[in-house]
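Working notes for the structure below.
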10 protein chains.
Amino acid sequence: MEFLVEMQVGWPPDGDPEQKKMLIEGEHKRAVELAKAGMLKRLWRVPGRWANFGLWEAPDATELHKAISSLPFYPWLDVKVHPLAKHPNDPI
Amino acid sequence: MEFLVEMQVGWPPDGDPEQKKMLIEGEHKRAVELAKAGMLKRLWRVPGRWANFGLWEAPDATELHKAISSLPFYPWLDVKVHPLAKHPNDPI
Amino acid sequence: MEFLVEMQVGWPPDGDPEQKKMLIEGEHKRAVELAKAGMLKRLWRVPGRWANFGLWEAPDATELHKAISSLPFYPWLDVKVHPLAKHPNDPI
Amino acid sequence: MEFLVEMQVGWPPDGDPEQKKMLIEGEHKRAVELAKAGMLKRLWRVPGRWANFGLWEAPDATELHKAISSLPFYPWLDVKVHPLAKHPNDPI
Amino acid sequence: MEFLVEMQVGWPPDGDPEQKKMLIEGEHKRAVELAKAGMLKRLWRVPGRWANFGLWEAPDATELHKAISSLPFYPWLDVKVHPLAKHPNDPI
Amino acid sequence: MEFLVEMQVGWPPDGDPEQKKMLIEGEHKRAVELAKAGMLKRLWRVPGRWANFGLWEAPDATELHKAISSLPFYPWLDVKVHPLAKHPNDPI
Amino acid sequence: MEFLVEMQVGWPPDGDPEQKKMLIEGEHKRAVELAKAGMLKRLWRVPGRWANFGLWEAPDATELHKAISSLPFYPWLDVKVHPLAKHPNDPI
Amino acid sequence: MEFLVEMQVGWPPDGDPEQKKMLIEGEHKRAVELAKAGMLKRLWRVPGRWANFGLWEAPDATELHKAISSLPFYPWLDVKVHPLAKHPNDPI
Amino acid sequence: MEFLVEMQVGWPPDGDPEQKKMLIEGEHKRAVELAKAGMLKRLWRVPGRWANFGLWEAPDATELHKAISSLPFYPWLDVKVHPLAKHPNDPI
Amino acid sequence: MEFLVEMQVGWPPDGDPEQKKMLIEGEHKRAVELAKAGMLKRLWRVPGRWANFGLWEAPDATELHKAISSLPFYPWLDVKVHPLAKHPNDPI
């Protein structure tokens, strides 16, 4: 089952730059793993914001939550999950 | 450039069933054309609603508007367009 | 997978009483079927409104949408679907 | 009387990990007690968030408030309570 | 248990004046009955609107819903119900 | 003239417990005084929140503001005031 | 006591022009009367909308409601009333 | 003084096509006049909607309102006006 | 040109009392100056809040911004500006 | 392609004045560069707020994001991007 996920990062502007750098690296690494596992299928930047839209696939919301909460930035994230159903006009 | 597009169909519950049927067929046909043209890349039903999320691609917002407004249901649509930027962690 | 579903019925105050009566009967019948199929697990009235919260179970959002859109009142419904994940403190 | 309760935990990302761990343990313990007392009937995680939906039962809003405010995380909670009425189509 | 109830009447400006007059009279009559039954304790007009705040008392949300839905204007009402708990500083 | 007043207390979860205790005592004392003066007529807890609805009476908004801003918790309050008009169906 | 009042006129675009003209004339006439009575002190057009902000004075919300509901356009109005308290820095 | 103006056209999907065509032509003609008068400086389509953002210039809000309300579609418009101040970093 | 301005002061509850006192005095002094200059015409307290509505007059939004940003509390203000047009029924 | 961009600066009122001064200078310098590059075409102050509306031009949302995130104040900005399509009535 696919999910559309919105994420907004609430990292404080005066946060520690070293910790921020490590989190960004960890986030990238974890994203690669989730992509390889077929859970993270697409990811887009919301222009002008430290935020993204993502297309995720997971057996159910429980597995999706595990994946999202495994992201290093999770404690700073504000997340909205939209469940997606199949549409007869979907090109795929 | 990719766009995330939300569409809600405001068709009246007591609308003419014949017109509705024709519009749905026309919508399907137009969706197939837009998919072939590479403009409509994915389409998902919002569960429980006559609404969808779509992943669209267009050179710019002007071309996107032309594509969306070519849909037979356009006069009944409430549409929100989210421009998408590339994300370094996008699996594709 | 469980879903929390909010439904608001937008039936017009001056709607045909006969049609309304038939729809309510059909709705009841369909709800019984969905309950027997294990898809509709609980249903509560929102006090003061022609609206409800429901606890639904479905393999995914696609099946949930089929179930919801099979309700006779579907064309008049405004529906919000909340996907639910398992919680470690859930008594069940 | 049943209530649908939404809880969002506003724990700061840089909060003390030790205190957080103790609060989570205390929360689990208190949830078990409230479940045994028949007040907490179901609990679901909102996917992607440190948040939950719960199905609660209490004689009235005063007793419900006592139960909720007895949770160790209460000072960090943002809570919305929806009173629930019986629905004729409720499967139970 | 007490409830704070907001009601907005959605009567159409070009509605039938005769029906409106009868509904207002019926509403008054029903309000008197509910007051005598101890269910409607206070009622205030929201200034500038065909809307009111009411202080209601009912054993639970199910009984409250029965009372509200017995009002002649019910099909035209947009209602929000706020459950109320006892406050230690309540003068009564 | 009566007013419906909503108050949400924005006291920080890690606020000083001693100050909090003193403020709560002061709040209770001031509430009793305002009740004796006929300004605070009813007070309800919003279940699950450190928040309340109150029924206040004051000659006008200026006097109401004086009363509310005399509460010890005033600097931490987020307050909404709804002016109330008499309703012909008010039981009192 | 002064009130800030926002009014939005919900007159239908295809409404009867004759009735509209009469209502506008009646509205003007009533506004003049309310101004003479000292109840309507200022009135501003919200640019781009059939809407206004008004500065009203009335002994209380009950009298204010009588004044507002005496306007010929009242059945088509969506009104929000903001009670105003005296400010120490008010130039008047 | 410049203003940013958002307009959403609320034309009904089943409106008369002939009237719609005439209004669109009239709108174009009026837009050209307002552009020549220096009041309408830029106009953009909101993609996916029958809506626009416009950059307007007028001596004040009164003149702006006259210009906007002179548009043939005015009775169907939902308009929001944002006053604009000069910014030191404006390239012009 | 007149403007309706809403201001909410976001002063922290644990802010320095001395600084707060000086800012309030400075605010009063500046308000008097702006009133003498004919820019601040009326000012009302929003009851229950550290907030106000003001009626301002300025040649344009640029001058209005200069006046508002000259207030000592400006860095703590959340401000909304509503441009006002003349209304034919304005008593003045 | 043009974009309408809203920016709100979330600089803390008690932020370091020296850092603020440097950021403002850096912001001005970067704005001049972006203007020369043809990316920032207009910039307006939202009166009463540390906020602006800007008219930007960029090949796509990815390039726009690069430009916005190159602003020295970027970590403190809350940004909304509106994609703009061409309008047949645009004077330019």
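To be explicit about the labels: the chains of the structure tokens are called A, B, and onward in the order shown, and within each one the residues are counted from 1, while ligands get numbers from 1 in the order they are shown.
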Report the closest atom pair, with its distance in Å rounded to one decimal, for each residue of chain E that has an atom no farther than 12 Å from region 10-13 of chain G; count only C-alpha atoms, sort by chain and then rising residue number, and write it as JSON lines.
{"residue": "E:Pro12", "atom": "CA", "partner": "G:Gly10", "partner_atom": "CA", "distance": 10.7}
{"residue": "E:Pro13", "atom": "CA", "partner": "G:Trp11", "partner_atom": "CA", "distance": 9.1}
{"residue": "E:Asp14", "atom": "CA", "partner": "G:Trp11", "partner_atom": "CA", "distance": 10.6}
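Contact shell of region 84-89 of chain F at 7 Å (only C-alpha atoms; same-chain neighbours under 4 positions omitted): His28, Ala31, Leu43, Trp44, Arg45, Val46 and Pro47 of chain E; Glu2, Phe3 and Leu4 of chain F; Ala61 and Thr62 of chain G.
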message: Taking the DSSP secondary structure from the backbone, can you list the residues of chain A that are strand (DSSP E or B), as an MDAnalysis selection string?
response: chainID A and resid 2:9 40:45 51:57 77:83 85:86
Residues of chain A in helix (DSSP H, G or I) according to DSSP, as a count of residues only? 32
